[in-house]
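A.B. asks: So that you have it, the file is target_21.cif, and it contains mmCIF, C-alpha atoms and all ligand atoms:
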data_upload
loop_
_atom_site.group_PDB
_atom_site.id
_atom_site.type_symbol
_atom_site.label_atom_id
_atom_site.label_comp_id
_atom_site.auth_asym_id
_atom_site.auth_seq_id
_atom_site.Cartn_x
_atom_site.Cartn_y
_atom_site.Cartn_z
ATOM 1 C CA MET A 207 -5.742 -2.984 -20.975
ATOM 2 C CA THR A 208 -8.313 -0.276 -21.422
ATOM 3 C CA ALA A 209 -7.315 2.397 -23.909
ATOM 4 C CA GLY A 210 -8.777 5.882 -23.954
ATOM 5 C CA PRO A 211 -10.616 7.421 -26.934
ATOM 6 C CA GLY A 212 -7.304 8.580 -28.384
ATOM 7 C CA GLY A 213 -5.860 5.107 -27.943
ATOM 8 C CA HIS A 214 -3.632 6.395 -25.172
ATOM 9 C CA ARG A 215 -2.743 3.753 -22.623
ATOM 10 C CA GLY A 216 -1.969 4.432 -19.037
ATOM 11 C CA VAL A 217 -0.595 2.029 -16.468
ATOM 12 C CA LEU A 218 -3.244 0.212 -14.469
ATOM 13 C CA GLU A 219 -0.956 -2.790 -13.931
ATOM 14 C CA VAL A 220 2.737 -3.485 -14.508
ATOM 15 C CA ASP A 221 2.112 -5.503 -17.657
ATOM 16 C CA ASP A 222 0.581 -2.472 -19.334
ATOM 17 C CA LEU A 223 4.267 -1.674 -19.892
ATOM 18 C CA THR A 224 6.499 -3.796 -22.109
ATOM 19 C CA SER A 225 9.614 -5.449 -20.669
ATOM 20 C CA GLY A 226 11.630 -2.928 -22.669
ATOM 21 C CA GLN A 227 9.739 -0.043 -21.077
ATOM 22 C CA ILE A 228 10.343 -1.466 -17.606
ATOM 23 C CA THR A 229 14.061 -1.641 -18.343
ATOM 24 C CA THR A 230 14.013 1.943 -19.629
ATOM 25 C CA VAL A 231 12.157 3.118 -16.510
ATOM 26 C CA LEU A 232 14.619 1.341 -14.198
ATOM 27 C CA ASP A 233 17.669 2.569 -16.132
ATOM 28 C CA ARG A 234 16.487 6.178 -16.126
ATOM 29 C CA ALA A 235 15.509 5.985 -12.459
ATOM 30 C CA THR A 236 19.020 4.795 -11.615
ATOM 31 C CA ALA A 237 20.717 7.400 -13.792
ATOM 32 C CA TRP A 238 18.663 10.281 -12.378
ATOM 33 C CA LYS A 239 19.021 9.033 -8.814
ATOM 34 C CA THR A 240 22.782 8.803 -9.233
ATOM 35 C CA ASP A 241 23.116 12.211 -10.916
ATOM 36 C CA PRO A 242 20.144 14.533 -10.231
ATOM 37 C CA GLY A 243 21.667 16.958 -12.747
ATOM 38 C CA LEU A 244 20.483 14.589 -15.495
ATOM 39 C CA VAL A 245 16.781 14.878 -14.511
ATOM 40 C CA PRO A 246 14.872 16.464 -17.433
ATOM 41 C CA ALA A 247 13.696 19.265 -15.172
ATOM 42 C CA GLY A 248 11.508 21.053 -17.724
ATOM 43 C CA VAL A 249 9.810 18.098 -19.359
ATOM 44 C CA LEU A 250 6.449 18.749 -17.657
ATOM 45 C CA SER A 251 6.771 22.529 -17.675
ATOM 46 C CA GLY A 252 3.355 24.178 -17.691
ATOM 47 C CA ARG A 253 1.557 20.867 -17.368
ATOM 48 C CA GLY A 254 -0.686 19.696 -14.552
ATOM 49 C CA ILE A 255 -0.929 16.107 -13.310
ATOM 50 C CA ALA A 256 -3.938 15.130 -11.209
ATOM 51 C CA ALA A 257 -3.618 12.622 -8.361
ATOM 52 C CA LEU A 258 -6.878 11.524 -6.755
ATOM 53 C CA PHE A 259 -6.904 9.532 -3.494
ATOM 54 C CA GLN A 260 -9.891 7.517 -2.273
ATOM 55 C CA LYS A 261 -7.690 5.971 0.445
ATOM 56 C CA PRO A 262 -4.936 7.285 2.729
ATOM 57 C CA SER A 263 -1.374 7.590 1.442
ATOM 58 C CA LEU A 264 2.009 8.817 2.615
ATOM 59 C CA ARG A 265 4.674 7.469 0.224
ATOM 60 C CA THR A 266 2.605 7.381 -2.956
ATOM 61 C CA ARG A 267 1.233 10.881 -2.697
ATOM 62 C CA VAL A 268 4.456 12.590 -1.641
ATOM 63 C CA SER A 269 6.709 10.667 -4.049
ATOM 64 C CA PHE A 270 4.292 11.357 -6.901
ATOM 65 C CA GLU A 271 4.020 15.066 -6.119
ATOM 66 C CA MET A 272 7.805 15.399 -5.859
ATOM 67 C CA ALA A 273 8.308 13.470 -9.087
ATOM 68 C CA VAL A 274 5.967 15.853 -10.926
ATOM 69 C CA ALA A 275 7.506 18.922 -9.271
ATOM 70 C CA THR A 276 11.082 17.927 -10.135
ATOM 71 C CA LEU A 277 10.026 17.458 -13.776
ATOM 72 C CA GLY A 278 8.719 21.037 -13.805
ATOM 73 C CA GLY A 279 5.018 20.107 -13.678
ATOM 74 C CA HIS A 280 2.254 20.992 -11.244
ATOM 75 C CA PRO A 281 0.827 18.152 -9.144
ATOM 76 C CA VAL A 282 -2.854 18.568 -8.266
ATOM 77 C CA SER A 283 -3.696 16.207 -5.417
ATOM 78 C CA LEU A 284 -7.351 15.595 -4.574
ATOM 79 C CA ARG A 285 -8.942 13.691 -1.735
ATOM 80 C CA GLU A 286 -12.050 11.585 -1.847
ATOM 81 C CA GLN A 287 -13.902 14.000 0.470
ATOM 82 C CA GLU A 288 -13.503 16.752 -2.136
ATOM 83 C CA VAL A 289 -14.554 14.714 -5.151
ATOM 84 C CA SER A 290 -16.877 11.929 -3.876
ATOM 85 C CA LEU A 291 -16.121 9.721 -6.857
ATOM 86 C CA GLY A 292 -19.271 7.988 -8.036
ATOM 87 C CA ALA A 293 -21.522 9.854 -5.593
ATOM 88 C CA ARG A 294 -21.181 13.559 -6.346
ATOM 89 C CA GLU A 295 -20.123 12.777 -9.903
ATOM 90 C CA SER A 296 -19.458 9.651 -11.968
ATOM 91 C CA ALA A 297 -15.883 8.395 -12.359
ATOM 92 C CA ALA A 298 -16.065 8.973 -16.114
ATOM 93 C CA ASP A 299 -17.225 12.582 -15.673
ATOM 94 C CA VAL A 300 -14.514 13.233 -13.083
ATOM 95 C CA ALA A 301 -11.916 11.859 -15.501
ATOM 96 C CA ARG A 302 -13.219 13.924 -18.428
ATOM 97 C CA THR A 303 -13.079 17.073 -16.332
ATOM 98 C CA LEU A 304 -9.575 16.400 -14.997
ATOM 99 C CA ALA A 305 -8.326 15.551 -18.506
ATOM 100 C CA SER A 306 -9.414 18.961 -19.731
ATOM 101 C CA TYR A 307 -6.899 20.598 -17.376
ATOM 102 C CA CYS A 308 -4.239 17.936 -16.855
ATOM 103 C CA THR A 309 -1.826 15.903 -18.955
ATOM 104 C CA ALA A 310 -2.297 12.726 -16.948
ATOM 105 C CA ILE A 311 -4.583 11.410 -14.223
ATOM 106 C CA ALA A 312 -3.373 9.247 -11.376
ATOM 107 C CA ALA A 313 -5.706 7.682 -8.847
ATOM 108 C CA ARG A 314 -5.800 5.453 -5.767
ATOM 109 C CA VAL A 315 -9.162 3.686 -5.687
ATOM 110 C CA PHE A 316 -11.029 0.928 -3.885
ATOM 111 C CA ASP A 317 -12.365 -0.730 -7.030
ATOM 112 C CA HIS A 318 -9.947 -1.393 -9.887
ATOM 113 C CA ALA A 319 -12.838 -1.106 -12.376
ATOM 114 C CA VAL A 320 -13.051 2.608 -11.578
ATOM 115 C CA LEU A 321 -9.612 3.068 -13.141
ATOM 116 C CA GLU A 322 -10.737 1.226 -16.264
ATOM 117 C CA THR A 323 -13.815 3.449 -16.460
ATOM 118 C CA MET A 324 -11.641 6.550 -16.139
ATOM 119 C CA GLN A 325 -9.155 5.375 -18.790
ATOM 120 C CA ALA A 326 -11.976 4.511 -21.199
ATOM 121 C CA ALA A 327 -13.360 8.047 -20.846
ATOM 122 C CA VAL A 328 -10.220 10.071 -21.592
ATOM 123 C CA SER A 329 -7.299 10.231 -23.989
ATOM 124 C CA VAL A 330 -4.698 11.144 -21.381
ATOM 125 C CA PRO A 331 -2.917 8.299 -19.560
ATOM 126 C CA VAL A 332 -4.367 7.041 -16.283
ATOM 127 C CA VAL A 333 -1.875 5.771 -13.705
ATOM 128 C CA ASN A 334 -2.888 3.384 -10.931
ATOM 129 C CA LEU A 335 -1.672 4.598 -7.541
ATOM 130 C CA LEU A 336 -3.117 1.438 -5.875
ATOM 131 C CA SER A 337 -6.377 -0.386 -6.330
ATOM 132 C CA ASP A 338 -7.821 -3.496 -4.719
ATOM 133 C CA GLN A 339 -6.069 -5.512 -7.449
ATOM 134 C CA ALA A 340 -2.771 -3.839 -8.237
ATOM 135 C CA HIS A 341 -0.029 -1.455 -7.145
ATOM 136 C CA PRO A 342 2.195 -1.069 -10.229
ATOM 137 C CA CYS A 343 4.120 2.044 -9.122
ATOM 138 C CA GLN A 344 5.128 0.122 -5.998
ATOM 139 C CA ALA A 345 6.320 -2.830 -8.088
ATOM 140 C CA LEU A 346 8.550 -0.586 -10.229
ATOM 141 C CA ALA A 347 10.197 0.767 -7.066
ATOM 142 C CA ASP A 348 10.523 -2.794 -5.754
ATOM 143 C CA LEU A 349 12.304 -3.923 -8.920
ATOM 144 C CA LEU A 350 14.591 -0.898 -8.722
ATOM 145 C CA THR A 351 15.417 -1.746 -5.104
ATOM 146 C CA LEU A 352 16.052 -5.393 -5.877
ATOM 147 C CA ARG A 353 18.299 -4.489 -8.814
ATOM 148 C CA GLU A 354 20.304 -2.143 -6.588
ATOM 149 C CA SER A 355 20.615 -4.831 -3.912
ATOM 150 C CA TRP A 356 21.457 -7.698 -6.252
ATOM 151 C CA GLY A 357 23.272 -5.971 -9.122
ATOM 152 C CA GLU A 358 20.958 -7.640 -11.639
ATOM 153 C CA LEU A 359 17.457 -9.098 -11.594
ATOM 154 C CA GLU A 360 17.641 -12.009 -14.012
ATOM 155 C CA GLY A 361 17.848 -15.424 -12.372
ATOM 156 C CA ARG A 362 17.402 -14.272 -8.769
ATOM 157 C CA ARG A 363 14.768 -15.735 -6.439
ATOM 158 C CA LEU A 364 12.257 -13.653 -4.493
ATOM 159 C CA ALA A 365 10.010 -14.941 -1.694
ATOM 160 C CA TYR A 366 6.764 -13.138 -0.861
ATOM 161 C CA VAL A 367 5.267 -14.194 2.469
ATOM 162 C CA GLY A 368 1.709 -13.173 3.322
ATOM 163 C CA ASP A 369 -1.501 -12.059 1.657
ATOM 164 C CA GLY A 370 -1.859 -12.595 -2.102
ATOM 165 C CA ASN A 371 -3.009 -9.003 -2.421
ATOM 166 C CA ASN A 372 -2.581 -5.995 -4.738
ATOM 167 C CA VAL A 373 1.119 -5.593 -3.881
ATOM 168 C CA ALA A 374 1.795 -9.305 -4.405
ATOM 169 C CA ALA A 375 0.011 -9.272 -7.770
ATOM 170 C CA SER A 376 2.023 -6.389 -9.220
ATOM 171 C CA LEU A 377 5.235 -7.807 -7.747
ATOM 172 C CA ALA A 378 4.589 -11.207 -9.348
ATOM 173 C CA LEU A 379 3.927 -9.662 -12.758
ATOM 174 C CA GLY A 380 6.959 -7.378 -12.457
ATOM 175 C CA ALA A 381 9.130 -10.335 -11.449
ATOM 176 C CA ALA A 382 7.835 -12.377 -14.368
ATOM 177 C CA MET A 383 8.714 -9.583 -16.805
ATOM 178 C CA THR A 384 12.263 -9.159 -15.511
ATOM 179 C CA GLY A 385 13.395 -12.773 -15.109
ATOM 180 C CA VAL A 386 13.024 -12.936 -11.330
ATOM 181 C CA GLU A 387 11.676 -16.219 -9.946
ATOM 182 C CA ILE A 388 8.990 -15.638 -7.342
ATOM 183 C CA VAL A 389 7.556 -17.994 -4.750
ATOM 184 C CA LEU A 390 4.586 -16.860 -2.664
ATOM 185 C CA ALA A 391 3.610 -18.353 0.681
ATOM 186 C CA SER A 392 0.042 -17.594 1.744
ATOM 187 C CA PRO A 393 -2.538 -19.232 3.993
ATOM 188 C CA PRO A 394 -5.123 -21.326 2.146
ATOM 189 C CA GLY A 395 -7.812 -19.017 0.798
ATOM 190 C CA TYR A 396 -5.492 -15.998 0.672
ATOM 191 C CA GLU A 397 -3.306 -16.999 -2.284
ATOM 192 C CA LEU A 398 -2.503 -14.839 -5.265
ATOM 193 C CA PRO A 399 -5.554 -15.058 -7.575
ATOM 194 C CA GLU A 400 -5.211 -17.827 -10.170
ATOM 195 C CA VAL A 401 -5.820 -15.313 -12.964
ATOM 196 C CA VAL A 402 -2.735 -13.346 -11.869
ATOM 197 C CA VAL A 403 -0.627 -16.502 -11.611
ATOM 198 C CA ALA A 404 -1.677 -17.485 -15.131
ATOM 199 C CA ARG A 405 -0.936 -13.988 -16.440
ATOM 200 C CA ALA A 406 2.536 -14.004 -14.873
ATOM 201 C CA ARG A 407 3.322 -17.466 -16.249
ATOM 202 C CA HIS A 408 2.056 -16.419 -19.671
ATOM 203 C CA LEU A 409 4.650 -13.635 -19.518
ATOM 204 C CA GLY A 410 7.309 -16.308 -19.045
ATOM 205 C CA GLY A 411 7.573 -16.001 -15.294
ATOM 206 C CA VAL A 412 8.512 -18.737 -12.825
ATOM 207 C CA VAL A 413 5.775 -18.408 -10.194
ATOM 208 C CA GLU A 414 5.442 -20.927 -7.363
ATOM 209 C CA LEU A 415 2.780 -21.030 -4.663
ATOM 210 C CA THR A 416 3.000 -22.713 -1.279
ATOM 211 C CA SER A 417 1.375 -22.445 2.134
ATOM 212 C CA ASP A 418 4.731 -23.025 3.886
ATOM 213 C CA PRO A 419 6.710 -19.840 4.645
ATOM 214 C CA ILE A 420 9.925 -21.771 5.393
ATOM 215 C CA GLU A 421 9.743 -23.564 2.063
ATOM 216 C CA ALA A 422 9.136 -20.215 0.347
ATOM 217 C CA VAL A 423 12.161 -18.418 1.741
ATOM 218 C CA ARG A 424 14.584 -21.333 1.213
ATOM 219 C CA ASP A 425 17.179 -20.310 -1.424
ATOM 220 C CA ALA A 426 15.551 -16.855 -1.672
ATOM 221 C CA HIS A 427 17.738 -13.803 -2.311
ATOM 222 C CA ALA A 428 15.028 -11.488 -0.977
ATOM 223 C CA VAL A 429 12.042 -11.806 1.356
ATOM 224 C CA TYR A 430 9.064 -9.471 0.905
ATOM 225 C CA THR A 431 5.958 -9.007 2.986
ATOM 226 C CA ASP A 432 3.007 -6.625 3.216
ATOM 227 C CA VAL A 433 0.255 -5.972 5.739
ATOM 228 C CA TRP A 434 -2.196 -8.779 6.481
ATOM 229 C CA THR A 435 -5.166 -6.393 6.374
ATOM 230 C CA SER A 436 -5.237 -4.031 3.428
ATOM 231 C CA MET A 437 -7.103 -0.739 3.242
ATOM 232 C CA GLY A 438 -10.790 -1.521 2.841
ATOM 233 C CA GLN A 439 -10.547 -4.853 4.738
ATOM 234 C CA GLU A 440 -10.535 -3.397 8.256
ATOM 235 C CA SER A 441 -13.618 -5.383 9.332
ATOM 236 C CA GLU A 442 -11.622 -8.619 8.764
ATOM 237 C CA HIS A 443 -8.682 -7.515 10.905
ATOM 238 C CA GLU A 444 -9.206 -9.799 13.925
ATOM 239 C CA HIS A 445 -9.803 -12.865 11.774
ATOM 240 C CA ARG A 446 -6.779 -12.126 9.604
ATOM 241 C CA LEU A 447 -4.544 -11.747 12.666
ATOM 242 C CA ALA A 448 -5.282 -15.359 13.576
ATOM 243 C CA VAL A 449 -5.039 -16.743 10.029
ATOM 244 C CA PHE A 450 -1.741 -15.040 9.177
ATOM 245 C CA ASP A 451 0.029 -15.531 12.525
ATOM 246 C CA PRO A 452 2.326 -18.316 11.166
ATOM 247 C CA TYR A 453 3.384 -16.010 8.309
ATOM 248 C CA ARG A 454 5.206 -13.374 10.359
ATOM 249 C CA VAL A 455 8.655 -12.523 8.976
ATOM 250 C CA ASP A 456 10.985 -12.771 11.976
ATOM 251 C CA ILE A 457 14.664 -13.538 12.475
ATOM 252 C CA ASP A 458 13.977 -17.281 12.553
ATOM 253 C CA LEU A 459 12.252 -17.190 9.171
ATOM 254 C CA MET A 460 14.939 -14.959 7.635
ATOM 255 C CA ALA A 461 17.542 -17.525 8.780
ATOM 256 C CA HIS A 462 16.103 -19.987 6.245
ATOM 257 C CA ALA A 463 16.764 -17.598 3.335
ATOM 258 C CA GLU A 464 20.134 -17.097 1.629
ATOM 259 C CA PRO A 465 22.646 -15.541 4.095
ATOM 260 C CA ASP A 466 22.764 -12.244 2.173
ATOM 261 C CA ALA A 467 19.000 -12.081 1.520
ATOM 262 C CA VAL A 468 17.464 -8.623 1.769
ATOM 263 C CA PHE A 469 14.114 -7.782 3.361
ATOM 264 C CA LEU A 470 11.521 -5.607 1.615
ATOM 265 C CA HIS A 471 8.169 -4.166 2.684
ATOM 266 C CA CYS A 472 6.113 -1.623 0.727
ATOM 267 C CA LEU A 473 5.146 0.116 4.014
ATOM 268 C CA PRO A 474 3.276 1.105 6.072
ATOM 269 C CA ALA A 475 4.363 -1.798 8.299
ATOM 270 C CA HIS A 476 2.309 -3.157 11.142
ATOM 271 C CA ARG A 477 5.272 -3.991 13.350
ATOM 272 C CA GLY A 478 4.745 -7.134 15.384
ATOM 273 C CA GLU A 479 2.163 -8.421 12.919
ATOM 274 C CA GLU A 480 3.637 -9.288 9.511
ATOM 275 C CA VAL A 481 7.204 -8.312 10.485
ATOM 276 C CA THR A 482 9.192 -7.951 13.696
ATOM 277 C CA ASP A 483 11.249 -4.884 14.633
ATOM 278 C CA GLU A 484 14.381 -7.038 14.550
ATOM 279 C CA VAL A 485 13.905 -7.737 10.845
ATOM 280 C CA ILE A 486 12.609 -4.399 9.582
ATOM 281 C CA ASP A 487 15.239 -2.491 11.586
ATOM 282 C CA GLY A 488 17.936 -5.114 11.007
ATOM 283 C CA PRO A 489 20.907 -5.203 8.628
ATOM 284 C CA SER A 490 19.081 -7.077 5.847
ATOM 285 C CA SER A 491 16.275 -4.494 5.619
ATOM 286 C CA VAL A 492 16.252 -2.214 2.565
ATOM 287 C CA VAL A 493 12.823 -0.712 3.237
ATOM 288 C CA TRP A 494 13.976 2.909 3.448
ATOM 289 C CA ASN A 495 15.789 2.724 0.148
ATOM 290 C CA GLN A 496 12.670 1.012 -1.231
ATOM 291 C CA ALA A 497 10.522 3.906 0.012
ATOM 292 C CA GLU A 498 12.903 6.478 -1.500
ATOM 293 C CA ASN A 499 12.810 4.569 -4.771
ATOM 294 C CA ARG A 500 9.085 5.244 -5.109
ATOM 295 C CA MET A 501 9.992 8.756 -6.244
ATOM 296 C CA HIS A 502 12.792 7.709 -8.606
ATOM 297 C CA ALA A 503 10.657 4.996 -10.219
ATOM 298 C CA VAL A 504 7.492 7.035 -10.700
ATOM 299 C CA ARG A 505 9.446 9.995 -12.091
ATOM 300 C CA ALA A 506 10.958 7.736 -14.734
ATOM 301 C CA LEU A 507 7.519 6.247 -15.419
ATOM 302 C CA LEU A 508 5.959 9.681 -15.971
ATOM 303 C CA VAL A 509 8.663 10.585 -18.490
ATOM 304 C CA GLU A 510 8.147 7.271 -20.288
ATOM 305 C CA LEU A 511 4.392 7.955 -20.545
ATOM 306 C CA LEU A 512 4.445 11.677 -21.273
ATOM 307 C CA ASP A 513 7.611 12.040 -23.363
ATOM 308 C CA PRO A 514 7.598 8.737 -25.282
ATOM 309 C CA GLN A 515 9.871 9.974 -28.079
ATOM 310 C CA ARG A 516 12.635 10.833 -25.642
ATOM 311 C CA PRO A 517 15.951 9.225 -26.642
ATOM 312 C CA GLN A 518 17.383 6.762 -24.126
HETATM 313 N N1 LIG A 601 3.601 1.847 -0.147
HETATM 314 C C1 LIG A 601 2.616 2.753 -0.257
HETATM 315 O O1 LIG A 601 1.884 2.776 -1.243
HETATM 316 O O2 LIG A 601 2.533 3.635 0.776
HETATM 317 P P1 LIG A 601 1.334 4.669 1.002
HETATM 318 O O3 LIG A 601 0.085 3.872 1.213
HETATM 319 O O4 LIG A 601 1.739 5.451 2.228
HETATM 320 O O5 LIG A 601 1.227 5.537 -0.211
HETATM 321 N N1 LIG A 602 -1.848 -3.990 0.535
HETATM 322 C C1 LIG A 602 -1.807 -2.692 1.166
HETATM 323 C C2 LIG A 602 -0.740 -1.864 0.548
HETATM 324 C C3 LIG A 602 -0.554 -0.497 1.143
HETATM 325 C C4 LIG A 602 0.492 0.306 0.455
HETATM 326 C C5 LIG A 602 -3.163 -2.032 1.038
HETATM 327 O O1 LIG A 602 -3.794 -2.141 -0.019
HETATM 328 O O2 LIG A 602 -3.610 -1.409 2.004
#
Please express what this file holds, its structure, as structure tokens.
C.D. replies:
Amino acid sequence: MTAGPGGHRGVLEVDDLTSGQITTVLDRATAWKTDPGLVPAGVLSGRGIAALFQKPSLRTRVSFEMAVATLGGHPVSLREQEVSLGARESAADVARTLASYCTAIAARVFDHAVLETMQAAVSVPVVNLLSDQAHPCQALADLLTLRESWGELEGRRLAYVGDGNNVAASLALGAAMTGVEIVLASPPGYELPEVVVARARHLGGVVELTSDPIEAVRDAHAVYTDVWTSMGQESEHEHRLAVFDPYRVDIDLMAHAEPDAVFLHCLPAHRGEEVTDEVIDGPSSVVWNQAENRMHAVRALLVELLDPQRPQ
């Protein structure tokens, strides 16, 4: 993990947090979701938090802005067209400028290395709002959703069907750190990168890879999928449609999972591609709670990063 000049660490990937911090984030998210009166509404009073987006966003931007607002802070959202990261100004200079006004910098970028450059340039925490490699804020919301669905995380089995992408990477690391077994089914050539698998196993995780979606979902207590074509890969769309066709999550595939298995998707969904309407709109789907949980999880994360001395 890249640390800033002041040694301050942000969250570029889930394992930039300790397991204890993840538990704290999930516990606070649950407590504040259950009783909004417990939210520390003034904790970011008078402080600005920058959120820079090189790619489109619905959930991440709105949940992040509302998290900051409900903590009493001021969210400053910026789009790529306004900043032209790396063209109008270098990523390091953008970060230095934002850090002079704001208590933290969050960013959604194409290239994960840009986040590392930003964190190395500043002493405020940098938070990854999605890069080509990772989506840690999504994974925290996913763990929160799974814990709500299952009661506890430890010892449960999660199947991820589809592209071994940014969402899959953060999910695998988050699962490894919370005692959730994960099995990922991807077409050959689209598996979770070996370096991520090794990192998750090093954290003590049970991580299995297969190319067979039915094998993956067998005995699974949850089935997760994401788009086949991520932002930035649009030119590969037609090819990916053909490659991933056997990996669609439909009613037939869900029937091979545990009878009470839940269905998750980070959204946006490409209905009819990676998931059918029957599944995403069906009784096992928890995607709307998962989307809501983006706000609860990131709010708890911001407090963990910006008010580290806070008692439990
Ligand atoms: N899941 C997610 O990150 O959604 P957005 O791309 O809409 O922010
Ligand atoms: N893997 C997707 C996630 C979108 C939230 C992407 O990167 O586009």
A.B. asks: Which residues form the shell of 6 Å around ligand LIG 602 (chain A) when you count all atoms listed in the file, given as a list in words?
C.D. replies: Asn371, Asn372, Val373, Val433, Ser436, Met437, Cys472 and Leu473 of chain A
A.B. asks: Given all atoms listed in the file as the basis, pick out the residue of A:Leu335, A:Leu244, A:Ala326, A:Val402 nearest to ligand LIG 601 (chain A).
C.D. replies: A:Leu335
A.B. asks: Determine the residue set returned by the PyMOL selection byres (((chain A and resi 221-237) around 6) and not hetatm) for the present structure, and present it as a list in words.
C.D. replies: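 Selected by the PyMOL selection byres (((chain A and resi 221-237) around 6) and not hetatm) here: Val217, Glu219, Val220, Trp238, Lys239, Thr240, Leu350, Met383, His502, Ala503, Ala506 and Leu507 of chain A.
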A.B. asks: Neighbouring residues of ligand LIG 601 (chain A) are defined here as those with any atom at most 6 Å from a ligand atom, counting only C-alpha atoms and all ligand atoms; list them as a PDB file with C-alpha atoms, keeping the file's coordinate frame.
C.D. replies:
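Writing done, so here's out_13.pdb:
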ATOM      1  CA  SER A 263      -1.374   7.590   1.442  1.00  0.00           C
ATOM      2  CA  LEU A 264       2.009   8.817   2.615  1.00  0.00           C
ATOM      3  CA  ARG A 265       4.674   7.469   0.224  1.00  0.00           C
ATOM      4  CA  THR A 266       2.605   7.381  -2.956  1.00  0.00           C
ATOM      5  CA  ARG A 267       1.233  10.881  -2.697  1.00  0.00           C
ATOM      6  CA  CYS A 472       6.113  -1.623   0.727  1.00  0.00           C
ATOM      7  CA  LEU A 473       5.146   0.116   4.014  1.00  0.00           C
ATOM      8  CA  PRO A 474       3.276   1.105   6.072  1.00  0.00           C
TER       9      PRO A 474
END
A.B. asks: Nearest residue to Phe316 of chain A out of A:Glu440, A:Asp338, A:Asp458, A:Asp487, using only C-alpha atoms?
C.D. replies: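 Distance minimum relative to Phe316 of chain A lands on A:Asp338.
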A.B. asks: What is the atom CA of Leu359 of chain A to atom CA of Gln518 of chain A distance in Å?
C.D. replies: 20.2 Å
A.B. asks: Could you check which of A:Gly361, A:Pro394, A:Gly243, A:Gly278 is closest to Ile255 of chain A, using all atoms listed in the file?
C.D. replies: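 For Ile255 of chain A, the nearest of the given residues is A:Gly278.
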A.B. asks: Could I get the residues of segment 289-406 of chain A with an atom no further than 10 Å from an atom of segment 462-468 of chain A, each paired with its nearest atom pair and that distance in Å to one decimal, using all atoms listed in the file, sorted by chain and residue number, as JSON lines?
C.D. replies:
{"residue": "A:Thr351", "atom": "CA", "partner": "A:Val468", "partner_atom": "CA", "distance": 9.9}
{"residue": "A:Leu352", "atom": "CA", "partner": "A:Val468", "partner_atom": "CA", "distance": 8.4}
{"residue": "A:Ser355", "atom": "CA", "partner": "A:Val468", "partner_atom": "CA", "distance": 7.5}
{"residue": "A:Trp356", "atom": "CA", "partner": "A:Val468", "partner_atom": "CA", "distance": 9.0}
{"residue": "A:Arg363", "atom": "CA", "partner": "A:Ala467", "partner_atom": "CA", "distance": 9.7}
{"residue": "A:Leu364", "atom": "CA", "partner": "A:Ala467", "partner_atom": "CA", "distance": 9.2}
{"residue": "A:Ala365", "atom": "CA", "partner": "A:Ala463", "partner_atom": "CA", "distance": 8.8}
A.B. asks: Need the neighbours of (-13.8, 1.9, -15.6): which residues are at most 12 Å away, counting only C-alpha atoms, as a PyMOL selection string?
C.D. replies: chain A and resi 207-210+218+291-292+296-301+315+317-328+332+334
A.B. asks: Which of these residues is nearest to Ala428 of chain A, using all atoms listed in the file: A:Gly488, A:Tyr453, A:Glu510, A:Leu470?
C.D. replies: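 Selected residue with least distance to Ala428 of chain A: A:Leu470.
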A.B. asks: Residues near segment 279-286 of chain A, anyone? I mean within 8 Å using all atoms listed in the file, not counting same-chain ones fewer than 2 positions away, as an MDAnalysis selection string.
C.D. replies: chainID A and resid 248:261 267 270:271 274:277 288:291
A.B. asks: Any chance you could export the current selection's C-alpha atoms as a PDB file, keeping the file's coordinate frame?
C.D. replies:
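Listed below is the output, result.pdb:
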ATOM      1  CA  GLY A 248      11.508  21.053 -17.724  1.00  0.00           C
ATOM      2  CA  VAL A 249       9.810  18.098 -19.359  1.00  0.00           C
ATOM      3  CA  LEU A 250       6.449  18.749 -17.657  1.00  0.00           C
ATOM      4  CA  SER A 251       6.771  22.529 -17.675  1.00  0.00           C
ATOM      5  CA  GLY A 252       3.355  24.178 -17.691  1.00  0.00           C
ATOM      6  CA  ARG A 253       1.557  20.867 -17.368  1.00  0.00           C
ATOM      7  CA  GLY A 254      -0.686  19.696 -14.552  1.00  0.00           C
ATOM      8  CA  ILE A 255      -0.929  16.107 -13.310  1.00  0.00           C
ATOM      9  CA  ALA A 256      -3.938  15.130 -11.209  1.00  0.00           C
ATOM     10  CA  ALA A 257      -3.618  12.622  -8.361  1.00  0.00           C
ATOM     11  CA  LEU A 258      -6.878  11.524  -6.755  1.00  0.00           C
ATOM     12  CA  PHE A 259      -6.904   9.532  -3.494  1.00  0.00           C
ATOM     13  CA  GLN A 260      -9.891   7.517  -2.273  1.00  0.00           C
ATOM     14  CA  LYS A 261      -7.690   5.971   0.445  1.00  0.00           C
ATOM     15  CA  ARG A 267       1.233  10.881  -2.697  1.00  0.00           C
ATOM     16  CA  PHE A 270       4.292  11.357  -6.901  1.00  0.00           C
ATOM     17  CA  GLU A 271       4.020  15.066  -6.119  1.00  0.00           C
ATOM     18  CA  VAL A 274       5.967  15.853 -10.926  1.00  0.00           C
ATOM     19  CA  ALA A 275       7.506  18.922  -9.271  1.00  0.00           C
ATOM     20  CA  THR A 276      11.082  17.927 -10.135  1.00  0.00           C
ATOM     21  CA  LEU A 277      10.026  17.458 -13.776  1.00  0.00           C
ATOM     22  CA  GLU A 288     -13.503  16.752  -2.136  1.00  0.00           C
ATOM     23  CA  VAL A 289     -14.554  14.714  -5.151  1.00  0.00           C
ATOM     24  CA  SER A 290     -16.877  11.929  -3.876  1.00  0.00           C
ATOM     25  CA  LEU A 291     -16.121   9.721  -6.857  1.00  0.00           C
TER      26      LEU A 291
END
A.B. asks: Write out as a list in words the residues lying within 10 Å of Ile486 of chain A, counting all atoms listed in the file and excluding same-chain residues fewer than 3 positions away.
C.D. replies: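 My reading of the contact set: Val455, Asp456, Ile457, Phe469, Leu470, His471, Ala475, Arg477, Val481, Thr482, Asp483, Pro489, Ser490, Ser491, Val492, Val493 and Trp494 of chain A.
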